[in-house]
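See below for upload11.cif, which holds mmCIF, C-alpha atoms and all ligand atoms.
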data_my_file
loop_
_atom_site.group_PDB
_atom_site.id
_atom_site.type_symbol
_atom_site.label_atom_id
_atom_site.label_comp_id
_atom_site.auth_asym_id
_atom_site.auth_seq_id
_atom_site.Cartn_x
_atom_site.Cartn_y
_atom_site.Cartn_z
ATOM 1 C CA MET A 162 102.483 88.989 88.442
ATOM 2 C CA ASP A 163 100.799 86.328 86.313
ATOM 3 C CA PRO A 164 103.305 83.419 86.240
ATOM 4 C CA SER A 165 102.773 82.987 82.502
ATOM 5 C CA VAL A 166 104.249 86.468 81.926
ATOM 6 C CA ARG A 167 108.007 86.971 81.674
ATOM 7 C CA ILE A 168 109.528 90.402 81.173
ATOM 8 C CA PHE A 169 112.985 90.870 79.649
ATOM 9 C CA ARG A 170 115.071 94.033 79.767
ATOM 10 C CA THR A 171 115.420 94.286 75.989
ATOM 11 C CA PRO A 172 113.913 92.693 72.870
ATOM 12 C CA TYR A 173 117.268 91.086 72.174
ATOM 13 C CA GLU A 174 117.394 89.462 75.617
ATOM 14 C CA LEU A 175 113.869 88.122 75.045
ATOM 15 C CA ALA A 176 114.818 86.725 71.647
ATOM 16 C CA GLU A 177 118.047 85.175 72.920
ATOM 17 C CA LYS A 178 116.361 83.469 75.886
ATOM 18 C CA PHE A 179 113.501 82.143 73.828
ATOM 19 C CA ALA A 180 115.879 80.968 71.114
ATOM 20 C CA GLU A 181 117.642 78.876 73.764
ATOM 21 C CA GLU A 182 114.306 77.424 74.891
ATOM 22 C CA MET A 183 113.246 76.634 71.330
ATOM 23 C CA VAL A 184 116.580 74.929 70.592
ATOM 24 C CA GLN A 185 116.270 72.856 73.786
ATOM 25 C CA MET A 186 112.734 71.810 72.766
ATOM 26 C CA ILE A 187 114.075 70.701 69.374
ATOM 27 C CA LYS A 188 116.995 68.804 70.934
ATOM 28 C CA ASP A 189 114.657 67.021 73.378
ATOM 29 C CA ALA A 190 112.459 65.977 70.465
ATOM 30 C CA ALA A 191 115.438 64.804 68.434
ATOM 31 C CA ASP A 192 116.643 62.718 71.398
ATOM 32 C CA LYS A 193 113.256 60.969 71.283
ATOM 33 C CA LYS A 194 113.504 60.786 67.456
ATOM 34 C CA VAL A 195 110.191 62.657 67.265
ATOM 35 C CA PRO A 196 109.736 65.571 64.838
ATOM 36 C CA VAL A 197 108.612 68.951 66.179
ATOM 37 C CA SER A 198 105.912 71.020 64.481
ATOM 38 C CA VAL A 199 106.117 74.786 64.920
ATOM 39 C CA ALA A 200 103.643 77.388 63.653
ATOM 40 C CA LEU A 201 105.488 80.641 63.001
ATOM 41 C CA SER A 202 104.164 84.166 63.137
ATOM 42 C CA GLY A 203 104.905 87.374 61.286
ATOM 43 C CA GLY A 204 105.739 90.567 63.129
ATOM 44 C CA SER A 205 108.816 92.408 64.356
ATOM 45 C CA THR A 206 109.459 90.393 67.514
ATOM 46 C CA PRO A 207 109.197 86.982 65.852
ATOM 47 C CA GLU A 208 111.495 88.372 63.146
ATOM 48 C CA LEU A 209 114.078 89.272 65.811
ATOM 49 C CA LEU A 210 113.815 85.750 67.235
ATOM 50 C CA PHE A 211 114.397 84.227 63.785
ATOM 51 C CA SER A 212 117.427 86.464 63.238
ATOM 52 C CA VAL A 213 118.912 85.421 66.596
ATOM 53 C CA LEU A 214 118.277 81.755 65.766
ATOM 54 C CA GLY A 215 119.825 82.170 62.325
ATOM 55 C CA ASP A 216 122.833 84.209 63.462
ATOM 56 C CA HIS A 217 123.707 82.512 66.746
ATOM 57 C CA PHE A 218 122.047 79.084 66.850
ATOM 58 C CA SER A 219 122.334 77.847 63.289
ATOM 59 C CA LYS A 220 124.589 74.973 64.366
ATOM 60 C CA SER A 221 122.939 74.412 67.772
ATOM 61 C CA ALA A 222 119.877 72.453 66.746
ATOM 62 C CA PRO A 223 119.066 69.367 64.609
ATOM 63 C CA TRP A 224 116.852 71.468 62.332
ATOM 64 C CA ASP A 225 115.916 68.404 60.278
ATOM 65 C CA PHE A 226 113.699 67.400 63.231
ATOM 66 C CA VAL A 227 111.639 70.582 62.856
ATOM 67 C CA ASN A 228 108.658 71.009 60.568
ATOM 68 C CA PHE A 229 107.954 74.704 60.103
ATOM 69 C CA PHE A 230 104.434 75.880 59.365
ATOM 70 C CA TRP A 231 102.797 79.299 59.565
ATOM 71 C CA GLY A 232 100.001 80.513 61.804
ATOM 72 C CA ASP A 233 99.181 83.101 59.206
ATOM 73 C CA GLU A 234 100.355 84.515 55.924
ATOM 74 C CA ARG A 235 99.597 87.543 53.833
ATOM 75 C CA CYS A 236 98.057 86.769 50.426
ATOM 76 C CA VAL A 237 101.133 87.944 48.535
ATOM 77 C CA PRO A 238 103.896 86.094 46.636
ATOM 78 C CA PRO A 239 106.762 84.691 48.737
ATOM 79 C CA VAL A 240 109.164 87.272 47.265
ATOM 80 C CA SER A 241 106.990 90.145 48.492
ATOM 81 C CA PRO A 242 108.463 92.170 51.382
ATOM 82 C CA GLU A 243 105.068 91.571 53.030
ATOM 83 C CA SER A 244 105.469 87.779 53.022
ATOM 84 C CA ASN A 245 105.877 86.087 56.423
ATOM 85 C CA PHE A 246 107.596 83.176 54.683
ATOM 86 C CA GLY A 247 109.915 85.595 52.885
ATOM 87 C CA MET A 248 110.790 87.284 56.184
ATOM 88 C CA THR A 249 111.556 83.922 57.797
ATOM 89 C CA PHE A 250 113.634 82.800 54.820
ATOM 90 C CA ARG A 251 115.783 85.927 54.984
ATOM 91 C CA SER A 252 116.204 85.886 58.787
ATOM 92 C CA LEU A 253 116.466 82.146 59.445
ATOM 93 C CA PHE A 254 116.142 79.563 56.683
ATOM 94 C CA LYS A 255 118.979 80.819 54.506
ATOM 95 C CA LYS A 256 121.299 80.535 57.529
ATOM 96 C CA ILE A 257 120.478 76.977 58.659
ATOM 97 C CA LYS A 258 120.716 73.486 57.182
ATOM 98 C CA ILE A 259 117.102 72.332 56.866
ATOM 99 C CA PRO A 260 115.516 70.087 54.235
ATOM 100 C CA GLN A 261 113.087 71.924 51.951
ATOM 101 C CA ARG A 262 110.483 69.248 52.771
ATOM 102 C CA ASN A 263 110.439 70.555 56.361
ATOM 103 C CA ILE A 264 109.245 74.006 55.320
ATOM 104 C CA HIS A 265 105.496 74.143 54.726
ATOM 105 C CA ARG A 266 104.707 77.657 53.613
ATOM 106 C CA ILE A 267 101.232 78.970 52.940
ATOM 107 C CA TYR A 268 100.952 79.759 49.200
ATOM 108 C CA GLY A 269 100.083 83.437 49.557
ATOM 109 C CA GLU A 270 100.154 83.771 45.790
ATOM 110 C CA HIS A 271 97.262 81.321 45.279
ATOM 111 C CA ASP A 272 93.523 81.878 45.460
ATOM 112 C CA PRO A 273 92.893 82.516 49.199
ATOM 113 C CA SER A 274 89.790 80.331 49.551
ATOM 114 C CA HIS A 275 91.447 77.406 47.815
ATOM 115 C CA GLU A 276 94.676 77.881 49.788
ATOM 116 C CA ALA A 277 92.808 77.941 53.124
ATOM 117 C CA ILE A 278 91.378 74.517 52.224
ATOM 118 C CA ARG A 279 94.706 73.169 50.951
ATOM 119 C CA TYR A 280 96.583 74.283 54.039
ATOM 120 C CA SER A 281 93.888 72.928 56.364
ATOM 121 C CA ASP A 282 94.218 69.533 54.662
ATOM 122 C CA LEU A 283 98.014 69.723 54.840
ATOM 123 C CA LEU A 284 97.915 70.428 58.590
ATOM 124 C CA SER A 285 95.453 67.583 59.198
ATOM 125 C CA ARG A 286 97.719 65.181 57.320
ATOM 126 C CA SER A 287 101.072 66.401 58.649
ATOM 127 C CA ILE A 288 100.711 66.725 62.402
ATOM 128 C CA PRO A 289 98.838 64.886 65.145
ATOM 129 C CA VAL A 290 95.125 65.681 65.554
ATOM 130 C CA ARG A 291 93.266 66.013 68.882
ATOM 131 C CA ASP A 292 89.542 66.738 69.202
ATOM 132 C CA GLY A 293 89.407 67.142 65.444
ATOM 133 C CA PHE A 294 92.095 69.836 65.220
ATOM 134 C CA PRO A 295 95.844 69.716 64.493
ATOM 135 C CA VAL A 296 98.157 69.882 67.530
ATOM 136 C CA PHE A 297 101.266 71.976 67.043
ATOM 137 C CA ASP A 298 104.124 71.463 69.465
ATOM 138 C CA LEU A 299 104.562 75.227 69.496
ATOM 139 C CA VAL A 300 102.535 78.142 68.171
ATOM 140 C CA LEU A 301 104.357 81.482 68.105
ATOM 141 C CA LEU A 302 102.170 84.578 68.148
ATOM 142 C CA GLY A 303 102.680 88.305 67.871
ATOM 143 C CA LEU A 304 100.203 90.892 69.109
ATOM 144 C CA GLY A 305 98.834 93.909 67.317
ATOM 145 C CA GLU A 306 98.016 97.179 69.113
ATOM 146 C CA ASP A 307 94.356 96.416 68.365
ATOM 147 C CA GLY A 308 94.587 93.051 70.113
ATOM 148 C CA HIS A 309 94.771 90.967 66.958
ATOM 149 C CA THR A 310 96.919 87.877 66.812
ATOM 150 C CA ALA A 311 97.848 85.680 63.898
ATOM 151 C CA SER A 312 95.543 87.266 61.332
ATOM 152 C CA ILE A 313 92.413 87.257 63.459
ATOM 153 C CA PHE A 314 91.330 90.880 63.891
ATOM 154 C CA PRO A 315 88.910 92.366 66.451
ATOM 155 C CA ASP A 316 86.230 92.950 63.802
ATOM 156 C CA ARG A 317 86.178 89.246 62.876
ATOM 157 C CA THR A 318 86.420 87.326 66.156
ATOM 158 C CA GLU A 319 84.085 84.710 64.677
ATOM 159 C CA LEU A 320 87.196 83.489 62.854
ATOM 160 C CA PHE A 321 88.684 82.623 66.229
ATOM 161 C CA HIS A 322 85.709 80.379 67.035
ATOM 162 C CA SER A 323 85.452 78.905 63.545
ATOM 163 C CA ASP A 324 85.141 75.120 63.263
ATOM 164 C CA LYS A 325 87.578 75.269 60.321
ATOM 165 C CA ILE A 326 91.337 74.805 60.630
ATOM 166 C CA CYS A 327 92.211 77.784 58.416
ATOM 167 C CA GLU A 328 90.157 80.783 57.344
ATOM 168 C CA VAL A 329 90.600 83.673 54.945
ATOM 169 C CA SER A 330 90.721 86.995 56.788
ATOM 170 C CA LEU A 331 90.995 90.632 55.788
ATOM 171 C CA HIS A 332 93.244 93.248 57.353
ATOM 172 C CA PRO A 333 90.742 95.897 58.551
ATOM 173 C CA VAL A 334 92.846 98.842 57.369
ATOM 174 C CA SER A 335 94.834 97.674 54.361
ATOM 175 C CA ARG A 336 92.059 95.256 53.245
ATOM 176 C CA GLN A 337 94.865 92.826 52.461
ATOM 177 C CA LYS A 338 93.656 89.224 52.384
ATOM 178 C CA ARG A 339 95.316 86.830 54.804
ATOM 179 C CA ILE A 340 95.203 83.113 55.538
ATOM 180 C CA THR A 341 95.068 82.311 59.257
ATOM 181 C CA ILE A 342 94.794 79.317 61.482
ATOM 182 C CA THR A 343 91.766 79.587 63.738
ATOM 183 C CA GLY A 344 91.504 79.826 67.508
ATOM 184 C CA ARG A 345 90.636 76.159 67.878
ATOM 185 C CA VAL A 346 94.035 75.297 66.377
ATOM 186 C CA ILE A 347 95.906 77.904 68.413
ATOM 187 C CA ASN A 348 94.358 76.722 71.685
ATOM 188 C CA ASN A 349 94.972 73.077 70.783
ATOM 189 C CA ALA A 350 98.767 73.476 70.734
ATOM 190 C CA GLU A 351 101.087 71.907 73.296
ATOM 191 C CA ARG A 352 102.697 75.330 73.846
ATOM 192 C CA VAL A 353 101.557 78.818 72.853
ATOM 193 C CA ARG A 354 103.966 81.720 73.188
ATOM 194 C CA PHE A 355 103.263 85.401 72.570
ATOM 195 C CA LEU A 356 106.365 87.431 71.766
ATOM 196 C CA VAL A 357 105.611 91.137 72.252
ATOM 197 C CA THR A 358 107.931 94.130 72.414
ATOM 198 C CA GLY A 359 107.656 97.886 72.216
ATOM 199 C CA SER A 360 105.973 100.631 74.235
ATOM 200 C CA ASN A 361 103.220 100.819 71.624
ATOM 201 C CA LYS A 362 101.973 97.441 72.918
ATOM 202 C CA ALA A 363 102.010 98.394 76.635
ATOM 203 C CA GLU A 364 98.378 99.531 76.736
ATOM 204 C CA VAL A 365 96.912 96.483 75.001
ATOM 205 C CA ILE A 366 99.137 94.189 77.101
ATOM 206 C CA LYS A 367 97.846 95.833 80.301
ATOM 207 C CA ARG A 368 94.242 95.376 79.145
ATOM 208 C CA ILE A 369 94.691 91.735 78.101
ATOM 209 C CA ILE A 370 96.915 90.472 80.937
ATOM 210 C CA GLY A 371 94.809 92.472 83.418
ATOM 211 C CA ARG A 372 91.710 90.829 81.960
ATOM 212 C CA GLU A 373 90.027 94.215 81.657
ATOM 213 C CA LYS A 374 86.366 93.973 80.629
ATOM 214 C CA SER A 375 86.993 95.982 77.446
ATOM 215 C CA ALA A 376 89.586 93.435 76.321
ATOM 216 C CA VAL A 377 87.898 90.108 77.001
ATOM 217 C CA ASN A 378 86.715 89.686 73.422
ATOM 218 C CA LEU A 379 89.943 90.719 71.724
ATOM 219 C CA PRO A 380 91.358 87.843 69.649
ATOM 220 C CA ALA A 381 94.536 87.646 71.756
ATOM 221 C CA SER A 382 92.422 87.451 74.937
ATOM 222 C CA LEU A 383 90.696 84.367 73.548
ATOM 223 C CA VAL A 384 93.982 82.429 73.412
ATOM 224 C CA VAL A 385 93.920 80.101 76.413
ATOM 225 C CA SER A 386 95.847 76.915 75.524
ATOM 226 C CA SER A 387 93.704 73.841 76.185
ATOM 227 C CA VAL A 388 96.666 72.174 77.927
ATOM 228 C CA GLY A 389 97.426 75.236 80.012
ATOM 229 C CA ASN A 390 100.762 75.988 78.440
ATOM 230 C CA LEU A 391 100.454 79.639 77.424
ATOM 231 C CA GLY A 392 103.323 82.081 77.901
ATOM 232 C CA TRP A 393 103.824 85.772 77.315
ATOM 233 C CA LEU A 394 107.363 86.999 76.651
ATOM 234 C CA LEU A 395 107.541 90.781 76.837
ATOM 235 C CA ASP A 396 110.292 93.334 76.824
ATOM 236 C CA SER A 397 110.298 95.996 79.546
ATOM 237 C CA ASN A 398 108.554 98.495 77.272
ATOM 238 C CA ALA A 399 105.660 96.229 76.371
ATOM 239 C CA GLY A 400 105.301 95.209 80.023
ATOM 240 C CA SER A 401 105.769 98.715 81.423
ATOM 241 C CA LEU A 402 102.116 99.167 82.507
ATOM 242 C CA LEU A 403 101.798 95.813 84.276
ATOM 243 C CA LYS A 404 101.620 95.811 88.083
ATOM 244 C CA ASP A 405 103.870 93.394 90.015
HETATM 245 C C1 LIG B 501 101.436 89.203 60.851
HETATM 246 C C2 LIG B 501 101.409 88.638 62.237
HETATM 247 C C3 LIG B 501 100.696 89.583 63.164
HETATM 248 C C4 LIG B 501 101.796 90.275 63.947
HETATM 249 C C5 LIG B 501 101.251 91.421 64.738
HETATM 250 C C6 LIG B 501 102.364 92.138 65.495
HETATM 251 O O1 LIG B 501 101.367 88.441 59.890
HETATM 252 O O2 LIG B 501 101.599 90.435 60.765
HETATM 253 O O3 LIG B 501 100.988 87.384 62.301
HETATM 254 O O4 LIG B 501 99.793 88.943 64.032
HETATM 255 O O5 LIG B 501 102.405 89.337 64.835
HETATM 256 O O6 LIG B 501 100.649 92.311 63.810
HETATM 257 O O7 LIG B 501 103.280 92.642 64.564
HETATM 258 P P1 LIG B 501 104.471 93.611 65.090
HETATM 259 O O8 LIG B 501 105.192 92.817 66.134
HETATM 260 O O9 LIG B 501 105.294 93.896 63.876
HETATM 261 O O10 LIG B 501 103.800 94.830 65.666
#
Turn the structure described in the file into structure tokens.
Amino acid sequence: MDPSVRIFRTPYELAEKFAEEMVQMIKDAADKKVPVSVALSGGSTPELLFSVLGDHFSKSAPWDFVNFFWGDERCVPPVSPESNFGMTFRSLFKKIKIPQRNIHRIYGEHDPSHEAIRYSDLLSRSIPVRDGFPVFDLVLLGLGEDGHTASIFPDRTELFHSDKICEVSLHPVSRQKRITITGRVINNAERVRFLVTGSNKAEVIKRIIGREKSAVNLPASLVVSSVGNLGWLLDSNAGSLLKD
């Protein structure tokens, strides 16, 4: 089995283990008095992780050493049930002590083109830059059944290769506008972790992890981590078609 792939019995076990790892990363950074920058994702598995962090680790980490950003956001107001920020607020932020200045949401309610530029500038100013692109300490990603990640969809893989930091994308079915970081930012991160659960993801996981020809151009397949620190955390259902 690919060493970057870890399979957990249940989604909860995955979330609990990764919550421990995230908290340890934050503590290590705090010991060095260095802030940590994390790009969050939407999706059901990231949401479970945030709930576990909020419910069981709220006192375990010096959250004031974390700067939270988003890898993508739906172009909706923060109070919308569709909002990735709103989901994170409900599952995590309202349960932990974290300064407002550490939460850098994407303004989904603003004009998408303008917001993509604003957020790109914010990222360039707020976190270290390497090879012209921001370097997150951690980028969390979910995976769609179609192989999309963040808000880069299979019909717009040019967004992955964009020389911009953020782009405006369009959900291929709902036609909902999204703001997304691009592949150059994702691959520039110190750590990239996919969190994927559910039997409905087993087929796309098999194709991507197995590097099947039909999957090589899917957005999630293009995530490689320039520093070689890419990990897949799956539950047994999502990993059920992988060979040992
Ligand atoms: C989003 C996410 C998106 C998500 C996948 C998987 O804003 O929706 O960034 O990339 O992670 O669609 O979502 P599920 O885990 O809910 O299937």
9 Å contact set for A:Ala277, all atoms listed in the file, chain neighbours under 3 positions out, as a count of residues only
14
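Look at everything within 12 Å of (96.6, 67.2, 57.6) using only C-alpha atoms, and the residues you get are Phe230, His265, Ile278, Arg279, Tyr280, Ser281, Asp282, Leu283, Leu284, Ser285, Arg286, Ser287, Ile288, Pro289, Val290, Arg291, Gly293, Phe294, Pro295, Val296, Phe297, Ile326 and Cys327 of chain A.
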All residues within 8 Å of ligand LIG 501 (chain B) are required, counting all atoms listed in the file; please report them as a ChimeraX atom specification.
/A:202-207,232-235,245,302-306,309-313,356-358,362
Applying the PyMOL selection byres (((chain A and resi 250-264) around 7) and not hetatm) to the file I just gave you, which residues come out? Please list them as number ranges by chain.
A: 208, 211-212, 214-215, 219, 224-225, 227-230, 246-249, 265-266
May I have the residues within 9 Å of A:Ser360 as an MDAnalysis selection string, using all atoms listed in the file and disregarding those fewer than 2 positions away in the same chain?
chainID A and resid 358 362:364 396:401
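In terms of minimum interatomic distance to A:Val365, A:Leu403 ranks closest within A:Met183, A:Ala190, A:Val334, A:Leu403, counting only C-alpha atoms.
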Can you measure atom CA of A:Asn348 to atom CA of A:Val384 for me? One decimal in Å is fine.
6.0 Å
Please indicate the distance in Å from atom CA of A:Asp189 to atom CA of A:Ile168, rounded to one decimal place.
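Between atom CA of A:Asp189 and atom CA of A:Ile168 the gap works out to 25.2 Å.
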Identify the residues around (115.9, 72.5, 68.7) within a radius of 7 Å, measuring from only C-alpha atoms in the coordinates stated by the file, and give them as a ChimeraX atom specification.
/A:183-188,222-224
Requested file, stretch 206-218 of chain A restricted to all heavy atoms, as a short mmCIF file (atom, residue, chain, number, x, y, z; two decimals), in the first residue's frame:
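Listed below is the output, out.cif:
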data_model
loop_
_atom_site.label_atom_id
_atom_site.label_comp_id
_atom_site.auth_asym_id
_atom_site.auth_seq_id
_atom_site.Cartn_x
_atom_site.Cartn_y
_atom_site.Cartn_z
N THR A 206 -16.21 15.27 5.65
CA THR A 206 -15.14 14.73 6.51
C THR A 206 -14.40 15.84 7.23
O THR A 206 -14.19 15.76 8.45
CB THR A 206 -14.20 13.82 5.70
OG1 THR A 206 -14.97 12.90 4.95
CG2 THR A 206 -13.26 13.05 6.63
N PRO A 207 -14.01 16.92 6.53
CA PRO A 207 -13.45 18.05 7.28
C PRO A 207 -14.40 18.53 8.37
O PRO A 207 -13.97 18.84 9.47
CB PRO A 207 -13.22 19.09 6.18
CG PRO A 207 -13.01 18.29 4.94
CD PRO A 207 -13.93 17.11 5.06
N GLU A 208 -15.70 18.55 8.07
CA GLU A 208 -16.65 19.01 9.10
C GLU A 208 -16.60 18.11 10.33
O GLU A 208 -16.61 18.58 11.47
CB GLU A 208 -18.08 19.04 8.53
CG GLU A 208 -19.10 19.56 9.55
CD GLU A 208 -20.48 19.78 8.94
OE1 GLU A 208 -20.73 19.27 7.82
OE2 GLU A 208 -21.30 20.48 9.57
N LEU A 209 -16.47 16.82 10.13
CA LEU A 209 -16.35 15.89 11.27
C LEU A 209 -15.08 16.18 12.06
O LEU A 209 -15.10 16.25 13.30
CB LEU A 209 -16.34 14.44 10.77
CG LEU A 209 -16.17 13.35 11.85
CD1 LEU A 209 -17.29 13.41 12.88
CD2 LEU A 209 -16.09 11.98 11.20
N LEU A 210 -14.00 16.44 11.35
CA LEU A 210 -12.73 16.79 12.03
C LEU A 210 -12.92 18.03 12.89
O LEU A 210 -12.53 18.07 14.06
CB LEU A 210 -11.63 17.04 11.00
CG LEU A 210 -10.35 17.69 11.53
CD1 LEU A 210 -9.59 16.75 12.47
CD2 LEU A 210 -9.46 18.14 10.36
N PHE A 211 -13.57 19.06 12.33
CA PHE A 211 -13.74 20.31 13.08
C PHE A 211 -14.61 20.08 14.32
O PHE A 211 -14.35 20.62 15.39
CB PHE A 211 -14.38 21.39 12.19
CG PHE A 211 -13.64 21.68 10.92
CD1 PHE A 211 -14.30 22.18 9.79
CD2 PHE A 211 -12.27 21.44 10.80
CE1 PHE A 211 -13.63 22.43 8.61
CE2 PHE A 211 -11.59 21.67 9.61
CZ PHE A 211 -12.27 22.17 8.52
N SER A 212 -15.62 19.22 14.17
CA SER A 212 -16.48 18.93 15.33
C SER A 212 -15.69 18.21 16.42
O SER A 212 -15.83 18.53 17.61
CB SER A 212 -17.67 18.06 14.90
OG SER A 212 -18.48 18.78 14.00
N VAL A 213 -14.84 17.27 16.03
CA VAL A 213 -14.02 16.55 17.01
C VAL A 213 -13.05 17.53 17.69
O VAL A 213 -12.92 17.55 18.92
CB VAL A 213 -13.25 15.40 16.35
CG1 VAL A 213 -12.17 14.83 17.25
CG2 VAL A 213 -14.22 14.29 15.92
N LEU A 214 -12.45 18.41 16.91
CA LEU A 214 -11.55 19.41 17.49
C LEU A 214 -12.30 20.31 18.47
O LEU A 214 -11.86 20.56 19.59
CB LEU A 214 -10.93 20.27 16.38
CG LEU A 214 -9.78 19.66 15.57
CD1 LEU A 214 -9.48 20.51 14.34
CD2 LEU A 214 -8.52 19.49 16.43
N GLY A 215 -13.48 20.74 18.05
CA GLY A 215 -14.27 21.66 18.89
C GLY A 215 -14.80 20.98 20.14
O GLY A 215 -14.82 21.58 21.22
N ASP A 216 -15.22 19.73 20.02
CA ASP A 216 -15.85 19.04 21.15
C ASP A 216 -14.84 18.43 22.12
O ASP A 216 -15.09 18.34 23.32
CB ASP A 216 -16.78 17.92 20.65
CG ASP A 216 -17.96 18.48 19.84
OD1 ASP A 216 -18.24 19.70 19.99
OD2 ASP A 216 -18.55 17.73 19.06
N HIS A 217 -13.70 17.96 21.58
CA HIS A 217 -12.79 17.20 22.45
C HIS A 217 -11.39 17.79 22.59
O HIS A 217 -10.59 17.29 23.37
CB HIS A 217 -12.68 15.76 21.92
CG HIS A 217 -14.00 15.07 21.83
ND1 HIS A 217 -14.75 14.75 22.94
CD2 HIS A 217 -14.76 14.71 20.75
CE1 HIS A 217 -15.90 14.18 22.56
NE2 HIS A 217 -15.93 14.15 21.23
N PHE A 218 -11.07 18.81 21.80
CA PHE A 218 -9.71 19.36 21.86
C PHE A 218 -9.71 20.88 22.06
O PHE A 218 -8.71 21.55 21.83
CB PHE A 218 -8.95 19.02 20.56
CG PHE A 218 -8.66 17.55 20.38
CD1 PHE A 218 -9.61 16.70 19.84
CD2 PHE A 218 -7.43 17.00 20.78
CE1 PHE A 218 -9.36 15.34 19.68
CE2 PHE A 218 -7.17 15.65 20.62
CZ PHE A 218 -8.14 14.81 20.07
#
